[in-house]
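Engineer: Shown below is the structure under consideration.
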Amino acid sequence: MSRTTPAGTPLGDAFHVYDTTLRDGAQREGISYSVADKLAVARHLDALGVGFVEGGWPGALPKDTEFFARAAAGELPLRHAVLVAFGSTRKAGIRAEDDPQVRALLDSQAPAVTLVAKSDRRHVERALRTDVAENCAMVADTVGFLHREGRRVFVDAEHFFDGYRFDPDTSLRVLDAAMTAGADVAVLCDTNGGMLPLGLAEVVREVADRTGFRLGIHCQDDTGCAVANSVAAVQAGATHVQCTANGYGERTGNADLFAVVGNLATKLDMPVLPSLSELTRVSHALAEIANLAPDTHQPYVGTSAFAHKAGLHASAIKVDPELYNHMDPAEVGNTQRVLVTEMAGRASVELKGAELGLDMAGSPEAVSAVVGTVKEREAHGWSFEAADASLELLMRGALGEESPVPFALESYRVIIEKRAGADAVAEATVKLLVDGERRIATREGNGPVNALDAALRAALEPSCPWLADVELSDYKVRILTPGGSAGTHAVTRVLVETSDRRGEWTTVGVHSNVVEASWLALVDALAFAALRTRTPAPV
């Protein structure tokens with residue numbers, strides 16, 4: 001059997017970062033991990049340096065049983081983490097060694113086991129339909145059996161805080177049964193997620209003083225306080241904290257692993273992971289596996305976590321980034337961004353230019369032109385904060401650079417034809433001047449934008465071979481109502497995301513006609529692609 005203590009973390013076994021994404025996190029609505037997904041998640045968490053990875057409930061769920069079997073067969077070599085199987089105590093009235101669920105925990109070959117145990121007398125009597133004495137015997141028997149079999153055992157005291165408020169003696173009696181039988185950590189669970197930080201910390205401190213047990217914490221986020229509650233519990237004496245990646249979990253979720261770790265490491269100077277530099281990358285990778293969009297406003301790891309929009313902020317950041325950042329974003333693998341919007345001032349444009357490699361600070365007239373254009377356009381529905389490529393083209397134009405658009409438009413036309421019993425088909429024709437040559441191309445598509453893009457490419461490809469690597473990867477439309485217009489008279493904003501072998505970029509177009517708005521965004525997308533051909537790809 002493999003080791004039962006985490007390896008490679010600075011605090012070793014003195015402090016546990018325990019991840020339950022694959023069990024508690026998987027209870028989030030909309031998440032359904034395959035076994036391959038679960039193995040991939042575990043590998044990412046191990047590489048991050050998490051101390052314990054809870055893999056699921058073997059014996060209760062076939063996928064979890066298969067996961068542990070494949071892990072035991074060698075598909076999950078772990079460098080840092082200890083693999084943990086989750087399960088329940090024996091049923092009332094039978095021996096632990098005769099309970100098939102308990103046996104499944106042993107069969108999983110996981111070196112550590114977490115048992116869920118009722119610690120609220122109301123749950124013992126109403127849900128388990130037994131008495132406190134038998135519940136404690138169930139806990140003690142199961143912990144003792146697994147301990148004698150060489151497993152490291154943690155006990156999740158379910159509904160602990162609610163139970164402690166109702167009948168503290170019963171809740172402490174359950175902890176005592178677990179720890180006396182050989183459990184390593186008594187994990188206090190805010191299962192209903194109703195606690196607030198000060199009250200929770202007071203209970204943790206009191207339980208630590210009364211028992212002397214090693215305590216852990218597991219918080220749900222129903223009050224929006226799971227991260228704060230977890231940190232407060234650590235400050236009150238807990239040395240084992242259970243979290244999920246990105247806060248995934250049932251109802252409103254669990255304590256977010258990345259926010260908890262970020263707070264412990266950067267605010268309390270607790271080196272709980274080997275390094276924080278991979279937090280952002282791993283957060284986004286795990287969101288991808290879960291098939292969920294990353295939370296852009298997530299603390300520490302969200303793309304907006306260090307993004308500054310207000311001109312006042314940008315002015316201060318220009319002097320010293322620490323004036324409006326609570327830490328260096330690079331510590332957690334993130335980056336600072338400056339958003340240029342109608343709220344932006346000169347400092348925002350100068351900082352954004354520096355971010356894009358442009359010396360806007362050396363050209364005050366260009367800065368004024370960009371600020372004025374952005375404010376004027378945003379008043380009519382444009383938005384540049386999600387369209388850096390269009391913003392860069394605007395900045396380069398203000399600096400006097402020649403437009404990288406590889407053609408001059410003579411005209412375009414789009415026709416939609418719908419025949420009875422058949423799908424509607426779009427046909428687009430473009431007439432361009434390319435290198436002094438008049439070119440005409442017509443193409444069909446499954447919609448007007450698709451047809452227009454195809455026709456434009458057909459006309460340009462003979463002189464722009466780099467177009468073969470350029471793909472339109474996303475297309476978003478939003479209907480706006482500036483000036484009180486509405487319905488069919490509303491203004492349309494189009495965002496086009498384009499990619500090549502080196503990366504991706506986003507452009508924007510706004511017009512009362514959705515096709516024209518799309519055309520403007522498409523032209524910017526190809527202009528930016530042409531601009532990229534002037535810069536060699538990084539080695």
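By order in the structure tokens, chains are A, B, ...; within a chain, residues start at 1; ligands start at 1, following the order shown.
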Which neighbours of range 511-514 of chain A fall inside 7 Å, counting only C-alpha atoms, when residues of the same chain fewer than 5 positions from it are skipped, and could you give them as a ChimeraX atom specification?
Structural biologist: /A:489-493
Engineer: Skip Ala387 in chain A itself and residues of its chain fewer than 5 positions away, then list as a PDB file with all heavy atoms, in the first residue's frame all residues within 10 Å of it, counting only C-alpha atoms.
Structural biologist:
ATOM      1  N   LEU A 339      -8.286  47.686 -18.727  1.00  0.00           N
ATOM      2  CA  LEU A 339      -9.395  47.713 -19.682  1.00  0.00           C
ATOM      3  C   LEU A 339      -9.611  49.142 -20.152  1.00  0.00           C
ATOM      4  O   LEU A 339      -9.740  50.058 -19.326  1.00  0.00           O
ATOM      5  CB  LEU A 339     -10.669  47.179 -19.020  1.00  0.00           C
ATOM      6  CG  LEU A 339     -10.550  45.811 -18.338  1.00  0.00           C
ATOM      7  CD1 LEU A 339     -11.860  45.442 -17.663  1.00  0.00           C
ATOM      8  CD2 LEU A 339     -10.148  44.750 -19.347  1.00  0.00           C
ATOM      9  N   VAL A 340      -9.653  49.328 -21.439  1.00  0.00           N
ATOM     10  CA  VAL A 340      -9.897  50.661 -21.995  1.00  0.00           C
ATOM     11  C   VAL A 340     -11.361  50.749 -22.383  1.00  0.00           C
ATOM     12  O   VAL A 340     -11.826  50.061 -23.290  1.00  0.00           O
ATOM     13  CB  VAL A 340      -8.976  50.933 -23.205  1.00  0.00           C
ATOM     14  CG1 VAL A 340      -9.316  52.284 -23.827  1.00  0.00           C
ATOM     15  CG2 VAL A 340      -7.518  50.908 -22.770  1.00  0.00           C
ATOM     16  N   TRP A 382     -20.450  50.385 -28.774  1.00  0.00           N
ATOM     17  CA  TRP A 382     -19.209  49.628 -28.918  1.00  0.00           C
ATOM     18  C   TRP A 382     -18.670  49.258 -27.537  1.00  0.00           C
ATOM     19  O   TRP A 382     -18.942  49.933 -26.548  1.00  0.00           O
ATOM     20  CB  TRP A 382     -18.152  50.449 -29.671  1.00  0.00           C
ATOM     21  CG  TRP A 382     -18.487  50.686 -31.107  1.00  0.00           C
ATOM     22  CD1 TRP A 382     -19.463  51.507 -31.597  1.00  0.00           C
ATOM     23  CD2 TRP A 382     -17.845  50.101 -32.241  1.00  0.00           C
ATOM     24  NE1 TRP A 382     -19.479  51.473 -32.961  1.00  0.00           N
ATOM     25  CE2 TRP A 382     -18.493  50.615 -33.396  1.00  0.00           C
ATOM     26  CE3 TRP A 382     -16.800  49.212 -32.413  1.00  0.00           C
ATOM     27  CZ2 TRP A 382     -18.129  50.257 -34.683  1.00  0.00           C
ATOM     28  CZ3 TRP A 382     -16.423  48.861 -33.703  1.00  0.00           C
ATOM     29  CH2 TRP A 382     -17.084  49.372 -34.817  1.00  0.00           C
ATOM     30  N   GLU A 392      -6.281  47.373 -30.290  1.00  0.00           N
ATOM     31  CA  GLU A 392      -4.907  47.535 -30.751  1.00  0.00           C
ATOM     32  C   GLU A 392      -4.872  48.162 -32.145  1.00  0.00           C
ATOM     33  O   GLU A 392      -4.019  49.019 -32.429  1.00  0.00           O
ATOM     34  CB  GLU A 392      -4.180  46.189 -30.754  1.00  0.00           C
ATOM     35  CG  GLU A 392      -2.727  46.312 -31.182  1.00  0.00           C
ATOM     36  CD  GLU A 392      -1.916  45.035 -31.001  1.00  0.00           C
ATOM     37  OE1 GLU A 392      -2.361  44.146 -30.240  1.00  0.00           O
ATOM     38  OE2 GLU A 392      -0.842  44.926 -31.634  1.00  0.00           O
ATOM     39  N   LEU A 495     -19.304  40.283 -31.525  1.00  0.00           N
ATOM     40  CA  LEU A 495     -17.941  39.934 -31.146  1.00  0.00           C
ATOM     41  C   LEU A 495     -17.534  38.701 -31.933  1.00  0.00           C
ATOM     42  O   LEU A 495     -18.251  37.694 -31.926  1.00  0.00           O
ATOM     43  CB  LEU A 495     -17.839  39.642 -29.646  1.00  0.00           C
ATOM     44  CG  LEU A 495     -17.950  40.837 -28.692  1.00  0.00           C
ATOM     45  CD1 LEU A 495     -17.966  40.354 -27.255  1.00  0.00           C
ATOM     46  CD2 LEU A 495     -16.807  41.815 -28.894  1.00  0.00           C
ATOM     47  N   VAL A 496     -16.412  38.782 -32.611  1.00  0.00           N
ATOM     48  CA  VAL A 496     -15.891  37.654 -33.382  1.00  0.00           C
ATOM     49  C   VAL A 496     -14.571  37.220 -32.761  1.00  0.00           C
ATOM     50  O   VAL A 496     -13.668  38.045 -32.575  1.00  0.00           O
ATOM     51  CB  VAL A 496     -15.683  38.045 -34.866  1.00  0.00           C
ATOM     52  CG1 VAL A 496     -14.836  36.999 -35.587  1.00  0.00           C
ATOM     53  CG2 VAL A 496     -17.026  38.201 -35.561  1.00  0.00           C
ATOM     54  N   GLU A 497     -14.488  35.943 -32.432  1.00  0.00           N
ATOM     55  CA  GLU A 497     -13.241  35.380 -31.904  1.00  0.00           C
ATOM     56  C   GLU A 497     -12.573  34.585 -33.021  1.00  0.00           C
ATOM     57  O   GLU A 497     -13.194  33.715 -33.632  1.00  0.00           O
ATOM     58  CB  GLU A 497     -13.522  34.483 -30.707  1.00  0.00           C
ATOM     59  CG  GLU A 497     -12.277  34.002 -29.988  1.00  0.00           C
ATOM     60  CD  GLU A 497     -12.599  33.214 -28.732  1.00  0.00           C
ATOM     61  OE1 GLU A 497     -13.067  33.823 -27.753  1.00  0.00           O
ATOM     62  OE2 GLU A 497     -12.412  31.975 -28.757  1.00  0.00           O
ATOM     63  N   TRP A 505      -7.775  35.917 -30.886  1.00  0.00           N
ATOM     64  CA  TRP A 505      -8.028  37.328 -30.644  1.00  0.00           C
ATOM     65  C   TRP A 505      -9.497  37.613 -30.907  1.00  0.00           C
ATOM     66  O   TRP A 505     -10.198  36.854 -31.572  1.00  0.00           O
ATOM     67  CB  TRP A 505      -7.127  38.199 -31.517  1.00  0.00           C
ATOM     68  CG  TRP A 505      -7.262  37.974 -33.006  1.00  0.00           C
ATOM     69  CD1 TRP A 505      -8.054  38.675 -33.865  1.00  0.00           C
ATOM     70  CD2 TRP A 505      -6.576  36.986 -33.805  1.00  0.00           C
ATOM     71  NE1 TRP A 505      -7.907  38.193 -35.144  1.00  0.00           N
ATOM     72  CE2 TRP A 505      -7.005  37.162 -35.138  1.00  0.00           C
ATOM     73  CE3 TRP A 505      -5.645  35.999 -33.515  1.00  0.00           C
ATOM     74  CZ2 TRP A 505      -6.543  36.358 -36.178  1.00  0.00           C
ATOM     75  CZ3 TRP A 505      -5.183  35.199 -34.554  1.00  0.00           C
ATOM     76  CH2 TRP A 505      -5.621  35.384 -35.863  1.00  0.00           C
ATOM     77  N   THR A 506      -9.970  38.739 -30.354  1.00  0.00           N
ATOM     78  CA  THR A 506     -11.380  39.096 -30.455  1.00  0.00           C
ATOM     79  C   THR A 506     -11.522  40.490 -31.027  1.00  0.00           C
ATOM     80  O   THR A 506     -10.776  41.403 -30.651  1.00  0.00           O
ATOM     81  CB  THR A 506     -12.062  39.024 -29.083  1.00  0.00           C
ATOM     82  OG1 THR A 506     -11.881  37.721 -28.538  1.00  0.00           O
ATOM     83  CG2 THR A 506     -13.559  39.290 -29.201  1.00  0.00           C
ATOM     84  N   THR A 507     -12.496  40.638 -31.934  1.00  0.00           N
ATOM     85  CA  THR A 507     -12.765  41.936 -32.556  1.00  0.00           C
ATOM     86  C   THR A 507     -14.245  42.254 -32.410  1.00  0.00           C
ATOM     87  O   THR A 507     -15.067  41.372 -32.160  1.00  0.00           O
ATOM     88  CB  THR A 507     -12.371  41.920 -34.043  1.00  0.00           C
ATOM     89  OG1 THR A 507     -12.975  40.785 -34.685  1.00  0.00           O
ATOM     90  CG2 THR A 507     -10.856  41.827 -34.197  1.00  0.00           C
ATOM     91  N   VAL A 508     -14.577  43.531 -32.581  1.00  0.00           N
ATOM     92  CA  VAL A 508     -15.944  43.980 -32.343  1.00  0.00           C
ATOM     93  C   VAL A 508     -16.434  44.809 -33.521  1.00  0.00           C
ATOM     94  O   VAL A 508     -15.664  45.502 -34.194  1.00  0.00           O
ATOM     95  CB  VAL A 508     -16.034  44.793 -31.027  1.00  0.00           C
ATOM     96  CG1 VAL A 508     -15.170  46.042 -31.099  1.00  0.00           C
ATOM     97  CG2 VAL A 508     -17.478  45.129 -30.673  1.00  0.00           C
ATOM     98  N   GLY A 509     -17.740  44.720 -33.772  1.00  0.00           N
ATOM     99  CA  GLY A 509     -18.403  45.562 -34.758  1.00  0.00           C
ATOM    100  C   GLY A 509     -19.782  45.936 -34.244  1.00  0.00           C
ATOM    101  O   GLY A 509     -20.438  45.116 -33.602  1.00  0.00           O
ATOM    102  N   ALA A 521     -16.561  43.521 -37.712  1.00  0.00           N
ATOM    103  CA  ALA A 521     -15.775  42.651 -36.841  1.00  0.00           C
ATOM    104  C   ALA A 521     -14.901  41.700 -37.653  1.00  0.00           C
ATOM    105  O   ALA A 521     -13.754  41.430 -37.280  1.00  0.00           O
ATOM    106  CB  ALA A 521     -16.698  41.862 -35.914  1.00  0.00           C
TER     107      ALA A 521
END
Engineer: Would you mind listing what lies within 12 Å of Leu188 in chain A as number ranges by chain, with only C-alpha atoms counted and same-chain residues fewer than 3 positions away left out?
Structural biologist: A: 116-120, 154-164, 171-172, 174-175, 185, 191, 193, 195, 200-201, 203-205, 207-208, 213-220, 229-230, 233-234, 237-242
Engineer: Could you give me, as a count of residues only, each residue of range 402-492 of chain A that DSSP assigns to helix (DSSP H, G or I) when run on this structure's backbone?
Structural biologist: 24
Engineer: So which residues touch range 79-93 of chain A within 7 Å, counting only C-alpha atoms, skipping near sequence neighbours fewer than 6 positions away, as a PyMOL selection string?
Structural biologist: chain A and resi 4-8+46+49-58+99+102+105+110-117+134+138-139+142
Engineer: Take the selection from the previous step and output its residues with N, CA, C and O atoms, as a CSV table (one decimal), in the first residue's frame.
Structural biologist:
chain,number,residue,atom,x,y,z
A,4,THR,N,0.9,7.2,3.3
A,4,THR,CA,-0.4,7.9,3.8
A,4,THR,C,-0.1,9.3,4.2
A,4,THR,O,-1.0,10.0,4.8
A,5,THR,N,1.0,9.9,4.0
A,5,THR,CA,1.3,11.3,4.2
A,5,THR,C,1.7,12.0,2.9
A,5,THR,O,2.4,11.4,2.1
A,6,PRO,N,1.3,13.2,2.8
A,6,PRO,CA,1.6,14.0,1.6
A,6,PRO,C,3.1,14.2,1.5
A,6,PRO,O,3.8,14.3,2.5
A,7,ALA,N,3.6,14.3,0.2
A,7,ALA,CA,5.0,14.5,0.0
A,7,ALA,C,5.3,15.8,-0.8
A,7,ALA,O,4.5,16.1,-1.7
A,8,GLY,N,6.3,16.4,-0.5
A,8,GLY,CA,6.7,17.6,-1.3
A,8,GLY,C,6.1,18.9,-0.9
A,8,GLY,O,6.4,19.9,-1.5
A,46,ASP,N,-2.6,16.7,-8.1
A,46,ASP,CA,-1.4,16.1,-7.6
A,46,ASP,C,-0.2,17.0,-8.0
A,46,ASP,O,0.7,17.3,-7.3
A,49,GLY,N,0.3,20.0,-6.0
A,49,GLY,CA,0.8,19.8,-4.7
A,49,GLY,C,-0.2,19.6,-3.6
A,49,GLY,O,0.2,19.7,-2.4
A,50,VAL,N,-1.4,19.4,-4.0
A,50,VAL,CA,-2.5,19.1,-3.0
A,50,VAL,C,-2.1,17.9,-2.2
A,50,VAL,O,-1.6,16.9,-2.7
A,51,GLY,N,-2.4,17.9,-0.9
A,51,GLY,CA,-1.9,16.8,0.0
A,51,GLY,C,-2.8,15.6,-0.1
A,51,GLY,O,-2.3,14.5,0.0
A,52,PHE,N,-4.1,15.8,-0.2
A,52,PHE,CA,-5.0,14.6,-0.3
A,52,PHE,C,-6.0,14.9,-1.4
A,52,PHE,O,-6.6,15.9,-1.5
A,53,VAL,N,-6.3,13.8,-2.2
A,53,VAL,CA,-7.3,13.9,-3.2
A,53,VAL,C,-8.3,12.8,-3.0
A,53,VAL,O,-8.0,11.6,-3.0
A,54,GLU,N,-9.5,13.3,-2.7
A,54,GLU,CA,-10.6,12.3,-2.4
A,54,GLU,C,-11.2,11.9,-3.8
A,54,GLU,O,-11.7,12.7,-4.5
A,55,GLY,N,-11.1,10.6,-4.1
A,55,GLY,CA,-11.5,10.1,-5.4
A,55,GLY,C,-12.9,9.8,-5.6
A,55,GLY,O,-13.4,9.7,-6.7
A,56,GLY,N,-13.7,9.6,-4.5
A,56,GLY,CA,-15.1,9.3,-4.7
A,56,GLY,C,-15.5,8.2,-3.7
A,56,GLY,O,-14.8,7.9,-2.7
A,57,TRP,N,-16.6,7.6,-4.0
A,57,TRP,CA,-17.3,6.6,-3.0
A,57,TRP,C,-17.3,5.2,-3.7
A,57,TRP,O,-18.2,4.8,-4.3
A,58,PRO,N,-16.2,4.5,-3.5
A,58,PRO,CA,-16.2,3.1,-4.1
A,58,PRO,C,-17.2,2.2,-3.5
A,58,PRO,O,-17.5,2.3,-2.3
A,99,ASP,N,-19.9,-5.4,6.7
A,99,ASP,CA,-20.6,-4.4,5.9
A,99,ASP,C,-20.0,-4.3,4.5
A,99,ASP,O,-18.8,-3.9,4.4
A,102,VAL,N,-18.2,-1.0,3.7
A,102,VAL,CA,-16.9,-0.8,4.4
A,102,VAL,C,-15.9,-1.7,3.7
A,102,VAL,O,-14.7,-1.2,3.5
A,105,LEU,N,-14.4,0.0,0.7
A,105,LEU,CA,-13.4,1.0,1.0
A,105,LEU,C,-12.0,0.3,1.1
A,105,LEU,O,-11.0,0.8,0.6
A,110,ALA,N,-7.2,2.4,-1.6
A,110,ALA,CA,-6.7,3.7,-1.2
A,110,ALA,C,-6.1,3.7,0.2
A,110,ALA,O,-6.6,3.0,1.1
A,111,PRO,N,-4.9,4.4,0.3
A,111,PRO,CA,-4.2,4.3,1.6
A,111,PRO,C,-4.9,5.1,2.7
A,111,PRO,O,-4.6,4.9,3.9
A,112,ALA,N,-5.8,6.0,2.4
A,112,ALA,CA,-6.6,6.8,3.4
A,112,ALA,C,-8.1,6.7,3.1
A,112,ALA,O,-8.5,6.5,1.9
A,113,VAL,N,-8.8,6.8,4.1
A,113,VAL,CA,-10.3,6.7,4.0
A,113,VAL,C,-10.9,7.8,4.8
A,113,VAL,O,-10.5,8.1,6.0
A,114,THR,N,-11.9,8.5,4.3
A,114,THR,CA,-12.7,9.5,5.0
A,114,THR,C,-14.1,8.9,5.2
A,114,THR,O,-14.8,8.5,4.2
A,115,LEU,N,-14.5,8.8,6.5
A,115,LEU,CA,-15.8,8.3,6.8
A,115,LEU,C,-16.8,9.5,7.2
A,115,LEU,O,-16.4,10.4,7.9
A,116,VAL,N,-18.0,9.4,6.6
A,116,VAL,CA,-19.0,10.4,7.1
A,116,VAL,C,-19.7,9.8,8.2
A,116,VAL,O,-20.1,8.7,8.2
A,117,ALA,N,-19.9,10.7,9.3
A,117,ALA,CA,-20.6,10.2,10.5
A,117,ALA,C,-21.5,11.3,11.0
A,117,ALA,O,-21.2,12.5,10.9
A,134,GLU,N,-25.6,3.7,19.7
A,134,GLU,CA,-25.3,2.9,18.6
A,134,GLU,C,-24.6,3.6,17.5
A,134,GLU,O,-23.7,3.1,16.8
A,138,MET,N,-21.1,2.6,15.8
A,138,MET,CA,-20.9,2.5,14.4
A,138,MET,C,-19.6,3.2,13.9
A,138,MET,O,-18.8,2.7,13.1
A,139,VAL,N,-19.4,4.4,14.5
A,139,VAL,CA,-18.2,5.2,14.2
A,139,VAL,C,-17.0,4.5,14.7
A,139,VAL,O,-16.0,4.3,13.9
A,142,THR,N,-16.1,1.1,12.8
A,142,THR,CA,-15.6,1.3,11.5
A,142,THR,C,-14.2,1.9,11.4
A,142,THR,O,-13.4,1.4,10.7
Engineer: Please, which residues of range 184-348 of chain A, numbered as in this document, come out strand (DSSP E) from DSSP, as a ChimeraX atom specification?
Structural biologist: /A:185-190,215-219,240-243,307-308,337-338
Engineer: Using only C-alpha atoms, which protein or nucleic acid residues come within 8 Å of Leu358 in chain A? Drop anything in the same chain fewer than 4 positions from it, and give the result as number ranges by chain.
Structural biologist: A: 353-354, 396
Engineer: Just the selected residues (N, CA and C atoms), exported as a compact mmCIF listing (two decimals), in the first residue's frame, please.
Structural biologist:
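The resulting file, out.txt, is shown below:
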# COMPACT_ATOMS: atom_id res chain seq x y z
N GLY A 353 -1.41 50.39 -23.87
CA GLY A 353 -0.45 50.40 -24.95
C GLY A 353 0.83 49.67 -24.57
N ALA A 354 1.32 49.91 -23.35
CA ALA A 354 2.52 49.22 -22.89
C ALA A 354 2.28 47.72 -22.82
N ARG A 396 -2.96 51.61 -33.03
CA ARG A 396 -1.95 51.70 -34.08
C ARG A 396 -2.34 52.75 -35.12
Engineer: Residues at most 12 Å from Leu526 in chain A, counting only C-alpha atoms, excluding those fewer than 2 positions away in the same chain, as a PyMOL selection string?
Structural biologist: chain A and resi 389-390+393+403-407+453+456-457+460-461+464+466-472+496-500+504-507+519-524+528-533
Engineer: Which residues come within 10 Å of Arg122 in chain A, counting only C-alpha atoms, excluding same-chain residues fewer than 5 positions away, as a PyMOL selection string?
Structural biologist: chain A and resi 127-129+131-132+159+162-163+166-167
Engineer: From the set A:Ala307, A:Ala527, A:Leu276, A:Ala330, which residue has the shortest atom-to-atom contact distance to Ser348 in chain A, counting only C-alpha atoms?
Structural biologist: A:Ala307
Engineer: I need the residue nearest Ala42 in chain A from this list: A:Thr244, A:Arg126, A:Leu146, A:Asp107. Use only C-alpha atoms for the distance.
Structural biologist: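 Counting only C-alpha atoms, the residue closest to Ala42 in chain A is A:Thr244.
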Engineer: Nearest residue to Asp256 in chain A out of A:Glu385, A:Asp269, A:Asp295, A:Glu75, using only C-alpha atoms?
Structural biologist: A:Asp295
Engineer: Looking at only C-alpha atoms, which of A:Tyr412, A:Phe67, A:Phe145, A:Tyr248 is the one that sits closest to Pro294 in chain A?
Structural biologist: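 Checking each candidate against Pro294 in chain A, we get A:Tyr248 as the closest.
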Engineer: Could you tell me how far CA of Asp169 in chain A sits from CA of Glu202 in chain A, in Å to one decimal place?
Structural biologist: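 Those two atoms sit 16.4 Å apart.
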Engineer: Just how far from CA of Ala525 in chain A is CA of Ala424 in chain A, in Å to one decimal?
Structural biologist: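 For CA of Ala424 in chain A relative to CA of Ala525 in chain A, the distance reads 26.4 Å.
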Engineer: Please, what distance in Å, to one decimal, runs between CA of Ser463 in chain A and CA of Leu433 in chain A?
Structural biologist: 11.6 Å
